[in-house]
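K.L.:
Dumping the structure here so I can ask a few things about it.
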Amino acid sequence: MEFNDLIKIIDGFRDSRIIHSAVELGIFESLTEEPLDSNMIAKSCNCDESNTELLLNALVSMNLLNKSESLFSNSKTATEYLVRSSNQYMGDIIRFTGRSWDSWGKLTDSVKSGMPQEPLYTEKQYEEEWESFIRGMHNFALSRSDAKITADVVDLSGKSILLDVACGPGTYSYELCLRYPNLKALLFDLPETIKVAKKISSEYKLEGRLEFVEGDYKNDDFPANVDCALLFNIIHQEDGKENQSLINKIFQRLSENGILVIKDHILNENKTLPEDGSLFSVQMMLTTGGRCYNEIEVYDWMSSAGFSEIKTVGPISPMTSAFIIGTK
């Protein structure tokens, strides 16, 4: 690594924080109609004009805004990902991750104490932030093509009932139902998440093929005799003991020849690569007390539960996570 590469990593927080603030302030939304100068943008966003101009210039240098003389406009990237009217909008997840800013500032404390540093929510904040997070996960799965890739990888030919454990927005189930016309999906999650998932599901024409089941995957039973179970982006939240228990419970609810599909960051044997997974482990340490796992660990949980024909697929670009699939 060269010196300048190291400096870029050290100062990387600046780029991230500028984007978070621009989304929070509504900079990109203010430019959806026409180019504006810094004074007009500042008034629109209720900000100081001089400091707004500095932020706008930085966004131009990052290729997120264009500047012609004194007028600013959204770049192609901003229009695709940072304007709410786009179906690839990433603002929800940016707002949610921005809330982790203070947690990352306490990374040293977390490494010393062994405890996560997630900030406390008020009830109102929790409702707002949680819906933003769930919608962000939906937009992320669409804009990076994770949902489409899942439908390409997971073969549900001849399967009738899909169980989506901790479904979040339900995006992967919707995509699989669109791909397999005879498939019905049972979407299982906490009541506050199901509330958001129902809103998102209304964007799809899947009437009669979706059933929403409220529950806690740690304490409540799953529906029985399902042909396939999805466990997507969950194991990184839990420790090994909890993951083994969860996979055991899923195995019991699957029909004969049913399959379990796990999607997550899967690390190499010494748990250092891929970089996305290694860094995400630190994020989980900060926010949930979890981490990412390697293939050996996941295979062990699945085989101990009784799964066979276990295989790994991916990561498939642009995804950074992989699929691990086992059969009952």
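Chains: A, B, ... in order of the structure tokens. Residues: from 1 per chain. Ligands: from 1, in order shown.
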Can you pull out every residue from range 64-170 of chain A that DSSP, working from the backbone, puts in alpha helix (DSSP H), and format the result as an NGL selection string?
P.N.:
:A and (76-81 or 91-98 or 101-104 or 107-113 or 123-143 or 146-153)
K.L.:
Determine, counting only C-alpha atoms, which protein, DNA and RNA residues have an atom within 7 Å of an atom of Pro35 in chain A; residues of the same chain fewer than 6 positions away are not included. Present the result as a list in words.
P.N.:
Leu71, Phe72 and Ser73 of chain A
K.L.:
Now that the selection is made, can you save its residues with C-alpha atoms as a PDB file, in the first residue's frame?
P.N.:
```pdb
ATOM      1  CA  LEU A  71     -25.576  26.804 -10.726  1.00  0.00           C
ATOM      2  CA  PHE A  72     -25.610  23.306  -9.216  1.00  0.00           C
ATOM      3  CA  SER A  73     -27.472  20.254 -10.503  1.00  0.00           C
TER       4      SER A  73
END
```
K.L.:
Using only C-alpha atoms, which residue out of A:Tyr204, A:Glu118, A:Glu33, A:Tyr172 lies closest to Lys106 in chain A?
P.N.:
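Smallest separation from Lys106 in chain A among the options: A:Glu118.
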K.L.:
When you look at range 49-61 of chain A with a cut-off of 7 Å (counting only C-alpha atoms), what residues show up, excluding the ones that are within fewer than 6 positions of it in the same chain? I need them as a list of chain:residue names.
P.N.:
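Non-adjacent residues within range: A:Ser38, A:Asn39, A:Ala42, A:Lys67.
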K.L.:
Generate a file of the selected residues that holds N, CA and C atoms, formatted as a compact mmCIF listing (two decimals), in the first residue's frame.
P.N.:
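Saved file selection29.txt follows:
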```txt
# COMPACT_ATOMS: atom_id res chain seq x y z
N SER A 38 -26.20 28.40 -4.88
CA SER A 38 -26.04 27.99 -3.48
C SER A 38 -27.00 28.71 -2.55
N ASN A 39 -27.31 29.98 -2.85
CA ASN A 39 -28.22 30.74 -2.00
C ASN A 39 -29.63 30.14 -2.04
N ALA A 42 -29.60 26.85 -0.17
CA ALA A 42 -29.54 27.08 1.27
C ALA A 42 -30.91 27.46 1.83
N LYS A 67 -21.63 21.42 -11.57
CA LYS A 67 -21.63 22.87 -11.37
C LYS A 67 -21.30 23.56 -12.68
```
K.L.:
Quick check for you: according to DSSP on this backbone, which residues of range 138-208 of chain A are classed as strand (DSSP E)? Reply as a list in words.
P.N.:
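Put together, the selection reads Ile161, Leu162, Leu163, Asp164, Val165, Lys184, Ala185, Leu186, Leu187, Phe188 and Asp189 of chain A.
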K.L.:
If we count only C-alpha atoms, what is near range 224-236 of chain A at a cut-off of 8 Å, once residues fewer than 6 positions away on the same chain are taken out, given as a ChimeraX atom specification?
P.N.:
/A:156,159-167,243,250,252-265,281,284,290-293
K.L.:
Leaving out Glu129 in chain A and any residue of its chain fewer than 6 positions from it, which residues lie within 9 Å of it when counting only C-alpha atoms, given as a short mmCIF file (atom, residue, chain, number, x, y, z; two decimals) with C-alpha atoms, in the first residue's frame?
P.N.:
```cif
data_model
loop_
_atom_site.label_atom_id
_atom_site.label_comp_id
_atom_site.auth_asym_id
_atom_site.auth_seq_id
_atom_site.Cartn_x
_atom_site.Cartn_y
_atom_site.Cartn_z
CA ASP A 92 -33.50 5.56 3.51
CA ARG A 95 -30.25 7.99 6.87
CA PHE A 96 -30.29 4.82 8.94
CA ARG A 99 -27.38 7.08 12.93
CA TYR A 121 -33.91 5.14 20.65
#
```
K.L.:
Considering only C-alpha atoms, return as a PDB file with C-alpha atoms, in the first residue's frame whatever protein or nucleic-acid residues lie within 10 Å of Arg17 in chain A, sequence-local ones (same chain, fewer than 6 positions apart) excluded.
P.N.:
```
ATOM      1  CA  VAL A  23     -29.184  13.447   2.263  1.00  0.00           C
ATOM      2  CA  GLY A  98     -25.950   7.844   9.522  1.00  0.00           C
ATOM      3  CA  TRP A 101     -22.022   7.682  13.303  1.00  0.00           C
TER       4      TRP A 101
END
```
